[in-house]
>>> print(open('model05.cif').read())   # mmCIF, C-alpha atoms and all ligand atoms
data_run
#
loop_
_atom_site.label_atom_id
_atom_site.label_comp_id
_atom_site.auth_asym_id
_atom_site.auth_seq_id
_atom_site.Cartn_x
_atom_site.Cartn_y
_atom_site.Cartn_z
CA MET A 1270 14.83 -1.63 8.61
CA ILE A 1271 15.40 -1.45 4.91
CA PRO A 1272 17.70 -4.07 3.38
CA SER A 1273 21.20 -2.93 4.32
CA ALA A 1274 22.92 -0.39 2.12
CA GLN A 1275 25.28 -1.81 -0.44
CA GLU A 1276 28.79 -2.08 0.90
CA ARG A 1277 30.62 -0.18 -1.79
CA THR A 1278 30.25 3.58 -1.87
CA ASP A 1279 28.68 4.71 -5.13
CA PRO A 1280 31.25 6.55 -7.18
CA GLY A 1281 30.88 10.29 -7.00
CA PHE A 1282 29.32 10.28 -3.53
CA THR A 1283 30.97 10.74 -0.16
CA THR A 1284 30.62 8.38 2.78
CA ALA A 1285 28.52 11.02 4.56
CA GLU A 1286 26.17 11.24 1.58
CA HIS A 1287 25.95 7.47 1.56
CA THR A 1288 25.07 7.44 5.26
CA ALA A 1289 22.47 10.16 4.72
CA MET A 1290 20.79 8.19 1.93
CA THR A 1291 20.71 5.13 4.16
CA ALA A 1292 19.01 7.27 6.82
CA ALA A 1293 16.55 8.51 4.19
CA LEU A 1294 15.78 4.91 3.17
CA ASP A 1295 15.18 3.98 6.81
CA ALA A 1296 12.92 7.02 7.20
CA ALA A 1297 10.99 6.01 4.07
CA ALA A 1298 10.16 2.68 5.70
CA ARG A 1299 8.22 4.55 8.41
CA GLY A 1300 5.57 5.36 5.82
CA VAL A 1301 2.72 3.18 4.58
CA ARG A 1302 2.13 1.56 1.23
CA GLY A 1303 -0.67 2.67 -1.01
CA ALA A 1304 -1.56 5.25 -3.61
CA ASN A 1305 1.75 7.05 -3.14
CA PRO A 1306 5.31 5.71 -3.02
CA VAL A 1307 7.14 5.49 0.30
CA VAL A 1308 9.76 8.22 0.38
CA GLY A 1309 12.37 9.41 2.86
CA ALA A 1310 14.60 12.48 3.05
CA ALA A 1311 17.61 13.56 5.10
CA LEU A 1312 19.13 17.00 5.57
CA LEU A 1313 22.90 16.57 5.51
CA HIS A 1314 25.20 19.34 6.68
CA GLN A 1315 28.54 19.84 4.93
CA ASP A 1316 30.26 18.83 8.17
CA GLY A 1317 28.68 15.35 7.92
CA ARG A 1318 25.87 15.73 10.46
CA ILE A 1319 22.40 14.53 9.53
CA LEU A 1320 20.30 17.39 10.86
CA HIS A 1321 16.81 16.02 10.26
CA THR A 1322 15.05 13.23 8.42
CA GLY A 1323 11.53 13.17 7.07
CA HIS A 1324 9.18 10.69 5.50
CA HIS A 1325 5.89 10.53 3.65
CA SER A 1326 3.06 8.94 5.63
CA GLY A 1327 0.60 8.35 2.80
CA ALA A 1328 -1.61 10.19 0.32
CA GLY A 1329 -2.63 13.64 1.48
CA THR A 1330 0.13 13.98 4.08
CA LEU A 1331 3.37 15.96 3.85
CA HIS A 1332 5.93 14.69 1.37
CA ALA A 1333 9.25 13.52 2.82
CA GLU A 1334 11.10 16.69 1.79
CA ALA A 1335 8.42 18.92 3.33
CA ASP A 1336 8.40 16.79 6.49
CA ALA A 1337 12.18 17.19 6.92
CA LEU A 1338 11.97 20.94 6.19
CA ARG A 1339 9.11 21.35 8.69
CA LYS A 1340 11.26 19.73 11.37
CA ALA A 1341 14.13 22.04 10.46
CA LYS A 1342 11.84 25.06 10.68
CA ASP A 1343 10.35 23.96 14.01
CA ALA A 1344 13.87 23.49 15.42
CA GLY A 1345 15.13 26.77 13.94
CA THR A 1346 17.85 24.91 12.03
CA ASP A 1347 20.07 26.99 9.75
CA LEU A 1348 19.95 25.37 6.31
CA ALA A 1349 23.12 26.95 4.92
CA ASP A 1350 25.60 24.36 3.59
CA VAL A 1351 22.95 21.66 3.67
CA THR A 1352 22.27 19.00 1.04
CA MET A 1353 18.80 17.48 0.75
CA VAL A 1354 19.21 13.73 0.27
CA ILE A 1355 16.03 12.00 -0.98
CA THR A 1356 15.11 8.46 -1.97
CA LEU A 1357 12.96 9.67 -4.90
CA GLU A 1358 13.25 12.61 -7.28
CA PRO A 1359 11.39 15.57 -5.76
CA CYS A 1360 7.94 16.06 -7.25
CA ASN A 1361 7.23 19.01 -9.46
CA HIS A 1362 3.47 19.18 -9.26
CA THR A 1363 0.69 20.29 -6.98
CA GLY A 1364 -1.31 17.26 -5.90
CA ARG A 1365 -2.95 17.11 -2.51
CA THR A 1366 0.18 18.90 -1.25
CA GLY A 1367 2.39 21.52 -2.92
CA PRO A 1368 5.38 20.73 -5.13
CA CYS A 1369 8.54 19.67 -3.29
CA THR A 1370 10.65 21.55 -5.80
CA GLY A 1371 9.07 24.79 -4.56
CA ALA A 1372 9.58 23.85 -0.91
CA ILE A 1373 13.26 23.12 -1.58
CA LEU A 1374 13.79 26.45 -3.36
CA ASP A 1375 11.86 28.36 -0.68
CA ALA A 1376 14.08 26.81 2.00
CA GLY A 1377 17.20 28.03 0.16
CA ILE A 1378 18.59 24.52 -0.36
CA ASP A 1379 21.11 24.66 -3.19
CA SER A 1380 22.24 21.03 -3.33
CA VAL A 1381 20.09 17.92 -3.80
CA ILE A 1382 20.86 14.22 -4.18
CA PHE A 1383 18.09 11.80 -5.06
CA ALA A 1384 18.27 8.05 -5.57
CA VAL A 1385 15.83 7.29 -8.39
CA HIS A 1386 13.80 9.25 -10.91
CA ASP A 1387 10.07 9.69 -10.48
CA GLY A 1388 8.87 8.54 -13.88
CA THR A 1389 5.19 9.30 -13.25
CA GLU A 1390 3.70 11.74 -15.72
CA ALA A 1391 2.31 14.11 -13.11
CA ALA A 1392 5.24 14.34 -10.73
CA SER A 1393 8.32 13.93 -12.94
CA GLY A 1394 10.77 16.61 -14.02
CA GLY A 1395 11.58 17.88 -10.53
CA GLY A 1396 15.31 17.26 -10.96
CA ALA A 1397 15.52 19.23 -14.20
CA PHE A 1398 13.35 22.01 -12.76
CA LEU A 1399 15.63 22.45 -9.75
CA ALA A 1400 18.76 22.32 -11.93
CA ASP A 1401 17.23 25.09 -14.08
CA HIS A 1402 16.81 27.11 -10.90
CA GLY A 1403 20.47 26.80 -9.98
CA VAL A 1404 20.33 23.86 -7.58
CA SER A 1405 23.22 21.39 -7.79
CA MET A 1406 21.53 18.09 -8.67
CA ARG A 1407 23.00 14.59 -8.43
CA HIS A 1408 21.21 11.25 -8.52
CA GLY A 1409 21.81 7.48 -8.51
CA LEU A 1410 23.03 7.05 -4.93
CA LEU A 1411 21.74 3.69 -3.56
CA ALA A 1412 19.40 3.62 -6.53
CA GLU A 1413 18.95 -0.14 -6.37
CA GLN A 1414 17.64 -0.07 -2.81
CA ALA A 1415 15.40 2.90 -3.52
CA ALA A 1416 13.96 1.29 -6.65
CA ASP A 1417 13.39 -1.97 -4.79
CA LEU A 1418 11.61 -0.18 -1.96
CA ASN A 1419 8.85 0.93 -4.33
CA ASP A 1420 9.12 -1.75 -7.00
CA ARG A 1421 5.45 -2.70 -6.98
CA TRP A 1422 4.34 0.91 -6.77
CA PHE A 1423 6.34 1.65 -9.91
CA THR A 1424 4.75 -1.41 -11.53
CA ALA A 1425 1.23 -0.26 -10.66
CA GLN A 1426 2.00 3.22 -12.02
CA SER A 1427 3.40 1.85 -15.25
CA GLN A 1428 0.26 -0.26 -15.67
CA ASN A 1429 -2.03 2.71 -14.92
CA ARG A 1430 -3.84 0.75 -12.27
CA PRO A 1431 -4.53 1.11 -8.55
CA PHE A 1432 -2.05 -0.27 -6.02
CA VAL A 1433 -3.50 -3.56 -4.75
CA THR A 1434 -3.41 -4.72 -1.13
CA LEU A 1435 -4.68 -8.22 -0.36
CA LYS A 1436 -5.87 -9.13 3.11
CA ILE A 1437 -6.44 -12.67 4.33
CA ALA A 1438 -7.64 -13.70 7.81
CA GLN A 1439 -6.95 -17.40 8.16
CA SER A 1440 -6.75 -20.25 10.65
CA LEU A 1441 -3.52 -22.10 11.52
CA ASP A 1442 -4.34 -24.60 8.81
CA GLY A 1443 -4.78 -21.90 6.20
CA ARG A 1444 -8.57 -21.80 6.03
CA VAL A 1445 -10.83 -18.78 5.87
CA ALA A 1446 -14.21 -20.37 6.53
CA ALA A 1447 -15.66 -23.54 8.10
CA PRO A 1448 -17.36 -26.11 5.83
CA ASP A 1449 -20.76 -24.45 6.43
CA GLY A 1450 -19.36 -21.08 5.28
CA THR A 1451 -19.18 -19.49 8.74
CA SER A 1452 -16.10 -17.32 9.20
CA GLN A 1453 -16.95 -14.63 11.74
CA TRP A 1454 -14.74 -14.48 13.40
CA ILE A 1455 -11.51 -16.32 12.82
CA THR A 1456 -9.23 -13.50 13.94
CA GLY A 1457 -9.72 -11.51 17.13
CA PRO A 1458 -10.62 -7.84 17.71
CA SER A 1459 -7.05 -6.43 17.44
CA ALA A 1460 -6.39 -8.08 14.10
CA ARG A 1461 -9.79 -7.01 12.80
CA GLU A 1462 -9.15 -3.46 13.95
CA ALA A 1463 -5.92 -3.47 11.96
CA GLY A 1464 -7.99 -4.54 8.97
CA HIS A 1465 -10.31 -1.60 9.52
CA GLU A 1466 -7.31 0.74 9.60
CA ILE A 1467 -6.43 -0.47 6.11
CA ARG A 1468 -10.05 -0.02 5.01
CA ALA A 1469 -9.87 3.56 6.28
CA ARG A 1470 -6.89 4.47 4.12
CA VAL A 1471 -7.80 2.84 0.81
CA ASP A 1472 -10.03 4.35 -1.86
CA ALA A 1473 -11.88 1.10 -2.44
CA ILE A 1474 -12.49 -2.34 -0.98
CA LEU A 1475 -13.31 -5.29 -3.23
CA VAL A 1476 -14.75 -8.74 -2.53
CA GLY A 1477 -16.01 -11.51 -4.79
CA GLY A 1478 -19.61 -12.47 -5.31
CA GLY A 1479 -19.21 -15.54 -3.08
CA THR A 1480 -18.24 -13.42 -0.09
CA ALA A 1481 -21.04 -10.99 -0.81
CA ARG A 1482 -23.56 -13.86 -0.92
CA VAL A 1483 -22.30 -15.89 2.06
CA ASP A 1484 -21.16 -13.14 4.45
CA ASN A 1485 -23.44 -10.30 3.34
CA PRO A 1486 -20.71 -7.89 4.58
CA THR A 1487 -21.05 -4.14 5.07
CA LEU A 1488 -17.42 -3.46 4.04
CA THR A 1489 -17.43 -0.20 5.99
CA ALA A 1490 -14.39 1.16 7.85
CA ARG A 1491 -15.15 1.17 11.56
CA ASP A 1492 -13.29 2.08 14.75
CA ALA A 1493 -12.78 -0.20 17.77
CA GLN A 1494 -16.25 0.74 19.07
CA GLY A 1495 -17.85 -0.16 15.76
CA ASN A 1496 -18.53 3.44 14.76
CA PRO A 1497 -17.93 4.51 11.14
CA ARG A 1498 -14.56 6.13 10.53
CA ASP A 1499 -14.32 9.48 8.79
CA HIS A 1500 -13.17 8.02 5.50
CA GLN A 1501 -15.27 5.29 3.90
CA PRO A 1502 -13.92 3.41 0.88
CA LEU A 1503 -15.88 2.73 -2.25
CA ARG A 1504 -17.28 -0.83 -1.87
CA ALA A 1505 -16.98 -3.09 -4.87
CA VAL A 1506 -18.28 -6.61 -5.54
CA MET A 1507 -16.80 -8.56 -8.44
CA SER A 1508 -19.19 -11.14 -9.89
CA ARG A 1509 -21.22 -11.95 -12.95
CA THR A 1510 -24.29 -12.51 -10.79
CA PRO A 1511 -25.95 -9.20 -9.88
CA VAL A 1512 -25.59 -8.23 -6.23
CA ALA A 1513 -28.83 -8.65 -4.27
CA HIS A 1514 -30.84 -5.44 -3.94
CA ASP A 1515 -31.03 -5.80 -0.18
CA ALA A 1516 -27.31 -6.65 0.27
CA ARG A 1517 -25.75 -4.74 3.17
CA VAL A 1518 -22.92 -3.60 0.92
CA ARG A 1519 -25.44 -1.51 -1.05
CA ARG A 1520 -26.57 0.40 2.03
CA GLY A 1521 -25.50 4.00 2.17
CA VAL A 1522 -22.72 4.97 4.51
CA VAL A 1523 -21.74 8.53 5.18
CA ALA A 1524 -18.10 9.51 4.88
CA SER A 1525 -17.61 12.67 6.92
CA ALA A 1526 -14.16 13.34 5.45
CA HIS A 1527 -14.96 13.81 1.80
CA ASN A 1528 -12.00 12.92 -0.31
CA GLY A 1529 -13.95 12.38 -3.47
CA GLU A 1530 -17.25 11.44 -5.01
CA ILE A 1531 -16.65 7.71 -4.64
CA ASP A 1532 -16.38 7.68 -0.84
CA GLY A 1533 -18.77 5.17 0.70
CA ARG A 1534 -20.45 4.33 -2.60
CA PHE A 1535 -21.17 0.85 -3.94
CA VAL A 1536 -20.16 -0.48 -7.34
CA TRP A 1537 -20.88 -3.84 -8.97
CA LEU A 1538 -17.99 -5.02 -11.16
CA ASN A 1539 -19.57 -7.41 -13.66
CA THR A 1540 -16.41 -9.32 -14.57
CA HIS A 1541 -14.19 -12.22 -13.52
CA ASP A 1542 -11.06 -10.51 -14.86
CA PRO A 1543 -9.01 -8.73 -12.15
CA ALA A 1544 -7.36 -6.43 -14.71
CA GLN A 1545 -10.77 -5.33 -15.96
CA ALA A 1546 -11.98 -4.79 -12.42
CA LEU A 1547 -8.95 -2.61 -11.71
CA ALA A 1548 -9.42 -0.65 -14.94
CA ARG A 1549 -12.99 0.08 -13.94
CA LEU A 1550 -11.90 1.18 -10.46
CA ALA A 1551 -9.12 3.34 -11.92
CA ALA A 1552 -11.68 5.06 -14.16
CA LEU A 1553 -13.65 5.89 -11.02
CA GLY A 1554 -10.57 7.52 -9.50
CA VAL A 1555 -9.41 4.65 -7.28
CA THR A 1556 -5.66 4.66 -6.65
CA HIS A 1557 -5.47 2.05 -3.87
CA VAL A 1558 -7.76 -0.94 -3.49
CA LEU A 1559 -8.02 -3.50 -0.69
CA VAL A 1560 -9.00 -6.97 -1.90
CA GLU A 1561 -10.61 -8.74 1.07
CA GLY A 1562 -11.24 -12.11 -0.54
CA GLY A 1563 -12.68 -14.51 -0.77
CA PRO A 1564 -10.47 -17.38 -1.89
CA THR A 1565 -11.60 -17.37 -5.54
CA VAL A 1566 -11.05 -13.67 -6.09
CA SER A 1567 -7.81 -13.60 -4.06
CA ALA A 1568 -6.42 -16.42 -6.21
CA ALA A 1569 -7.50 -14.65 -9.40
CA PHE A 1570 -5.59 -11.49 -8.42
CA LEU A 1571 -2.53 -13.52 -7.42
CA ALA A 1572 -2.60 -15.57 -10.63
CA ALA A 1573 -2.67 -12.32 -12.61
CA ASN A 1574 0.30 -10.98 -10.60
CA LEU A 1575 -1.89 -8.09 -9.49
CA VAL A 1576 -1.22 -8.14 -5.75
CA ASP A 1577 1.33 -5.57 -4.59
CA GLU A 1578 1.10 -6.05 -0.84
CA LEU A 1579 -0.29 -8.77 1.42
CA TRP A 1580 -1.46 -8.56 5.01
CA LEU A 1581 -1.85 -12.09 6.35
CA TYR A 1582 -3.60 -12.40 9.70
CA GLN A 1583 -3.35 -15.82 11.28
CA ALA A 1584 -5.40 -17.00 14.25
CA PRO A 1585 -4.46 -19.88 16.57
CA MET A 1586 -7.48 -21.90 15.46
CA ILE A 1587 -7.60 -25.15 13.53
CA LEU A 1588 -10.62 -25.63 11.29
CA GLY A 1589 -9.55 -28.95 9.79
CA ASP A 1590 -11.85 -28.53 6.81
CA GLY A 1591 -13.58 -25.70 4.99
CA LYS A 1592 -12.47 -23.06 2.49
CA ALA A 1593 -8.74 -22.83 1.87
CA ALA A 1594 -7.53 -19.24 1.92
CA LEU A 1595 -6.86 -19.43 -1.81
CA ALA A 1596 -8.61 -21.29 -4.59
CA PRO A 1597 -6.15 -23.52 -6.48
CA LEU A 1598 -3.47 -21.72 -8.46
CA PRO A 1599 -1.85 -23.29 -11.55
CA THR A 1600 1.48 -24.06 -9.81
CA GLN A 1601 2.53 -27.70 -10.42
CA THR A 1602 6.01 -27.87 -8.97
CA LEU A 1603 7.84 -26.19 -6.11
CA ALA A 1604 10.19 -24.32 -8.40
CA ASP A 1605 7.20 -22.46 -9.83
CA ALA A 1606 5.81 -21.39 -6.44
CA ALA A 1607 5.25 -17.66 -6.08
CA ARG A 1608 7.75 -16.35 -3.53
CA TRP A 1609 7.03 -13.52 -1.12
CA ARG A 1610 9.23 -11.59 1.28
CA SER A 1611 8.70 -9.71 4.51
CA ASP A 1612 7.92 -6.06 3.96
CA PRO A 1613 10.08 -3.59 5.93
CA VAL A 1614 7.60 -0.75 5.46
CA ALA A 1615 5.08 0.37 8.12
CA GLY A 1616 6.55 -1.29 11.19
CA PRO A 1617 7.79 -4.80 11.95
CA SER A 1618 6.77 -7.19 9.20
CA VAL A 1619 5.64 -9.75 11.78
CA ARG A 1620 3.73 -8.62 14.83
CA THR A 1621 1.43 -10.09 17.45
CA LEU A 1622 -2.08 -8.65 17.61
CA GLY A 1623 -3.91 -10.09 20.61
CA ASN A 1624 -3.83 -13.85 20.09
CA ASP A 1625 -3.16 -13.51 16.38
CA VAL A 1626 -0.14 -12.85 14.23
CA ALA A 1627 0.02 -10.31 11.39
CA TRP A 1628 2.56 -10.78 8.64
CA HIS A 1629 3.19 -7.98 6.17
CA LEU A 1630 4.50 -9.25 2.84
CA ARG A 1631 5.31 -8.20 -0.68
CA PRO A 1632 6.05 -10.19 -3.83
CA ALA A 1633 9.65 -11.37 -3.97
CA ALA A 1634 9.95 -11.00 -7.72
CA VAL A 1635 11.16 -7.65 -8.96
CA SER A 1636 9.05 -7.03 -12.02
CA VAL A 1637 9.87 -3.43 -12.74
CA SER A 1638 12.17 -1.85 -15.26
CA LYS A 1639 14.40 0.56 -13.36
N1 LIG A 1701 -11.47 -15.05 6.50
C1 LIG A 1701 -11.38 -14.25 5.46
O1 LIG A 1701 -10.44 -13.45 5.35
C2 LIG A 1701 -12.43 -14.27 4.42
C3 LIG A 1701 -13.27 -15.35 4.30
N2 LIG A 1701 -14.20 -15.39 3.30
C4 LIG A 1701 -15.04 -16.58 3.17
O2 LIG A 1701 -14.88 -17.12 1.88
C5 LIG A 1701 -16.06 -17.79 1.49
C6 LIG A 1701 -16.42 -17.43 0.06
O3 LIG A 1701 -15.47 -17.99 -0.81
P1 LIG A 1701 -15.55 -17.77 -2.41
O4 LIG A 1701 -16.87 -18.22 -2.92
O5 LIG A 1701 -14.32 -18.30 -3.02
O6 LIG A 1701 -15.57 -16.20 -2.43
P2 LIG A 1701 -15.23 -15.05 -3.47
O7 LIG A 1701 -15.56 -13.81 -2.74
O8 LIG A 1701 -13.89 -15.19 -4.03
O9 LIG A 1701 -16.33 -15.19 -4.60
C7 LIG A 1701 -16.28 -16.09 -5.65
C8 LIG A 1701 -17.33 -15.67 -6.66
O10 LIG A 1701 -16.95 -14.40 -7.21
C9 LIG A 1701 -17.19 -14.40 -8.63
N3 LIG A 1701 -15.88 -14.25 -9.27
C10 LIG A 1701 -15.22 -13.08 -9.37
N4 LIG A 1701 -14.06 -13.22 -9.98
C11 LIG A 1701 -13.95 -14.53 -10.32
C12 LIG A 1701 -12.97 -15.27 -11.00
N5 LIG A 1701 -11.85 -14.72 -11.48
N6 LIG A 1701 -13.18 -16.59 -11.15
C13 LIG A 1701 -14.29 -17.18 -10.69
N7 LIG A 1701 -15.28 -16.51 -10.06
C14 LIG A 1701 -15.11 -15.18 -9.85
C15 LIG A 1701 -17.96 -15.67 -8.92
O11 LIG A 1701 -19.31 -15.32 -8.71
P3 LIG A 1701 -20.33 -15.21 -9.95
O12 LIG A 1701 -20.54 -16.62 -10.42
O13 LIG A 1701 -21.55 -14.59 -9.36
O14 LIG A 1701 -19.69 -14.39 -11.00
C16 LIG A 1701 -17.51 -16.60 -7.82
O15 LIG A 1701 -18.46 -17.58 -7.50
C17 LIG A 1701 -17.13 -17.40 2.49
O16 LIG A 1701 -17.40 -18.49 3.33
C18 LIG A 1701 -16.51 -16.28 3.28
O17 LIG A 1701 -16.91 -16.27 4.61
C19 LIG A 1701 -14.32 -14.37 2.42
C20 LIG A 1701 -13.52 -13.28 2.51
C21 LIG A 1701 -12.49 -13.15 3.51
N1 LIG A 1702 -13.74 -13.63 8.70
C1 LIG A 1702 -12.87 -12.62 8.90
C2 LIG A 1702 -12.81 -11.52 8.05
N2 LIG A 1702 -13.62 -11.46 6.97
C3 LIG A 1702 -13.80 -10.32 6.10
O1 LIG A 1702 -14.58 -9.33 6.71
C4 LIG A 1702 -15.79 -9.16 5.96
C5 LIG A 1702 -16.93 -8.73 6.86
O2 LIG A 1702 -16.90 -7.31 6.88
P1 LIG A 1702 -17.98 -6.46 7.69
O3 LIG A 1702 -19.36 -6.98 7.36
O4 LIG A 1702 -17.79 -5.04 7.25
O5 LIG A 1702 -17.64 -6.64 9.14
C6 LIG A 1702 -15.97 -10.50 5.32
O6 LIG A 1702 -16.87 -10.50 4.26
C7 LIG A 1702 -14.57 -10.78 4.88
O7 LIG A 1702 -14.20 -9.99 3.77
N3 LIG A 1702 -11.91 -10.53 8.33
C8 LIG A 1702 -11.10 -10.57 9.42
O8 LIG A 1702 -10.29 -9.66 9.65
N4 LIG A 1702 -11.17 -11.62 10.27
C9 LIG A 1702 -12.01 -12.66 10.06
O9 LIG A 1702 -12.03 -13.57 10.87
#
>>> encode(input="model05.cif", output="structure tokens")
Amino acid sequence: MIPSAQERTDPGFTTAEHTAMTAALDAAARGVRGANPVVGAALLHQDGRILHTGHHSGAGTLHAEADALRKAKDAGTDLADVTMVITLEPCNHTGRTGPCTGAILDAGIDSVIFAVHDGTEAASGGGAFLADHGVSMRHGLLAEQAADLNDRWFTAQSQNRPFVTLKIAQSLDGRVAAPDGTSQWITGPSAREAGHEIRARVDAILVGGGTARVDNPTLTARDAQGNPRDHQPLRAVMSRTPVAHDARVRRGVVASAHNGEIDGRFVWLNTHDPAQALARLAALGVTHVLVEGGPTVSAAFLAANLVDELWLYQAPMILGDGKAALAPLPTQTLADAARWRSDPVAGPSVRTLGNDVAWHLRPAAVSVSK
């Protein structure tokens, strides 16, 4: 569930519209974080009934508006006297899917309420476009909640960088490897499979040189049987030391679902600066990157405030010594500690996976101008 809707009704909106936006926000939370914002939509009849809701399930899938309209079409719902209530301004461009503005006009919807503007260069202007085509447009309803829902996505967009997901698989005492460097495996099969699901939906996966040297990982996306998944992320190693010629991460892997030229490729990022690494990945077309450690690189991204989402997998194992999950950060006193909060998007923020626990988090600080 999304943080509860604000108690007061926004001026200019009815209670039914308020309820519909709350339903749209809840629907948005069924999506996943990544290259695209999470978005929800509700079709509200004049008589107060919410006819259908829709949500966006990630890059390449139907947008929330189109999802709600598809449900309406499948159910044969009459869309006369219906307002489309959306958490984000409808897009006005053709990306991997068609423009939502067109879908709204085609469906004969003549009234739209959206919560916050889509300020991205490619998708913005949908509100004005629809108004020009005779649709009654209103916005600002539950804008605070809607802006908060995608705060880090807006930040990443404004910084022209990929959305960054960090994954850590640690012991009960917060360690990611034993003193001799062994770490496979700390978490069990279910938690690791969840990690592979993330690998399968990002454009790129990044590790530091230490992980590349100690683990010699493949960084491929695999299913529960160990077979390669259709989509393979670009595999990146961030280090000043060149990556060994025979490193597994350099080995070719075939992505059968071709989403771009970078799929399954390897890239060496010769830098210690996370912002530079992201700029390089962005130039290659990466919009969502999974940072899989190790502790030095994870800490560098956190110190630079460049982590938008964190998946923390914790195993009931005590190592006692070995690598801490994060290299030291500059925090000296509790008041300066970086705060995180449970993420309501993509299912329960805390869940049990086999013997392990997965905790889905996002930075607590709101660092976006709304
Ligand atoms: N359980 C888990 O989830 C995971 C565990 N691990 C474990 O972690 C251990 C490796 O730890 P660690 O060496 O910290 O791994 P890292 O992957 O963080 O690699 C650190 C190395 O990356 C380079 N580097 C890149 N950016 C920076 C930066 N900003 N500052 C300093 N160096 C940077 C340096 O190499 P160079 O000098 O060549 O430039 C540095 O030595 C292994 O034992 C591995 O098994 C690793 C990943 C996940
Ligand atoms: N040890 C550890 C993880 N480690 C991560 O997995 C990488 C190995 O990837 P691959 O060679 O493709 O299987 C390794 O380098 C590190 O990034 N992950 C987890 O989910 N649980 C674990 O216990």
>>> axis_aligned_box(input="model05.cif", around="range 1497-1508 of chain A", padding_each_side="3 Å", output="lines of an AutoDock Vina configuration file")
center_x = -16.2
center_y = -0.8
center_z = 0.6
size_x = 12.0
size_y = 26.6
size_z = 27.0
>>> residues_around(input="model05.cif", residues="Gly1589 in chain A", least_positions_apart="3", cutoff="9 Å", atoms="all atoms listed in the file", output="list in words")
Asp1442, Arg1444 and Ala1447 of chain A
>>> write_last_selection(input="model05.cif", atoms="C-alpha atoms", output="PDB file, keeping the file's coordinate frame")
ATOM      1  CA  ASP A1442      -4.340 -24.600   8.810  1.00  0.00           C
ATOM      2  CA  ARG A1444      -8.570 -21.800   6.030  1.00  0.00           C
ATOM      3  CA  ALA A1447     -15.660 -23.540   8.100  1.00  0.00           C
TER       4      ALA A1447
END
>>> residues_near_ligand(input="model05.cif", ligand="ligand LIG 1702 (chain A)", cutoff="9 Å", atoms="only C-alpha atoms and all ligand atoms", output="PyMOL selection string")
chain A and resi 1436-1440+1445-1446+1451-1458+1460-1465+1475-1477+1480-1481+1483-1491+1517-1518+1560-1563+1582-1584
>>> closest_residue(input="model05.cif", among="A:Ala1341, A:Ala1285, A:Leu1441, A:Cys1360", to="ligand LIG 1701 (chain A)", atoms="all atoms listed in the file")
A:Leu1441
>>> atom_distance(input="model05.cif", atom1="CA of Ala1633 in chain A", atom2="CA of Arg1610 in chain A")
5.3 Å
>>> atom_distance(input="model05.cif", atom1="CA of Thr1510 in chain A", atom2="atom O16 of ligand LIG 1701 (chain A)")
16.8 Å
>>> atom_distance(input="model05.cif", atom1="CA of Leu1357 in chain A", atom2="CA of Ala1415 in chain A")
7.3 Å
>>> closest_residue(input="model05.cif", among="A:Ala1376, A:Leu1630, A:Met1406, A:Ala1572", to="ligand LIG 1701 (chain A)", atoms="all atoms listed in the file")
A:Ala1572
>>> residues_around(input="model05.cif", residues="Ala1400 in chain A", least_positions_apart="2", cutoff="12 Å", atoms="only C-alpha atoms", output="ChimeraX atom specification")
/A:1359,1370,1373-1374,1378-1382,1394-1398,1402-1408
>>> decode(input="model05.cif", residues="range 1548-1564 of chain A", atoms="C-alpha atoms", output="compact mmCIF listing (two decimals), in the first residue's frame")
# COMPACT_ATOMS: atom_id res chain seq x y z
CA ALA A 1548 27.55 8.67 -17.58
CA ARG A 1549 29.40 6.06 -19.60
CA LEU A 1550 26.55 3.57 -19.20
CA ALA A 1551 23.98 6.24 -20.13
CA ALA A 1552 25.95 6.96 -23.31
CA LEU A 1553 25.66 3.27 -24.17
CA GLY A 1554 21.88 3.47 -23.79
CA VAL A 1555 21.55 2.07 -20.27
CA THR A 1556 18.49 3.36 -18.41
CA HIS A 1557 18.51 0.99 -15.42
CA VAL A 1558 21.59 -0.51 -13.80
CA LEU A 1559 21.91 -3.10 -11.06
CA VAL A 1560 24.94 -2.59 -8.82
CA GLU A 1561 25.79 -5.98 -7.32
CA GLY A 1562 28.68 -4.93 -5.11
CA GLY A 1563 31.09 -5.48 -3.76
CA PRO A 1564 31.40 -3.46 -0.57
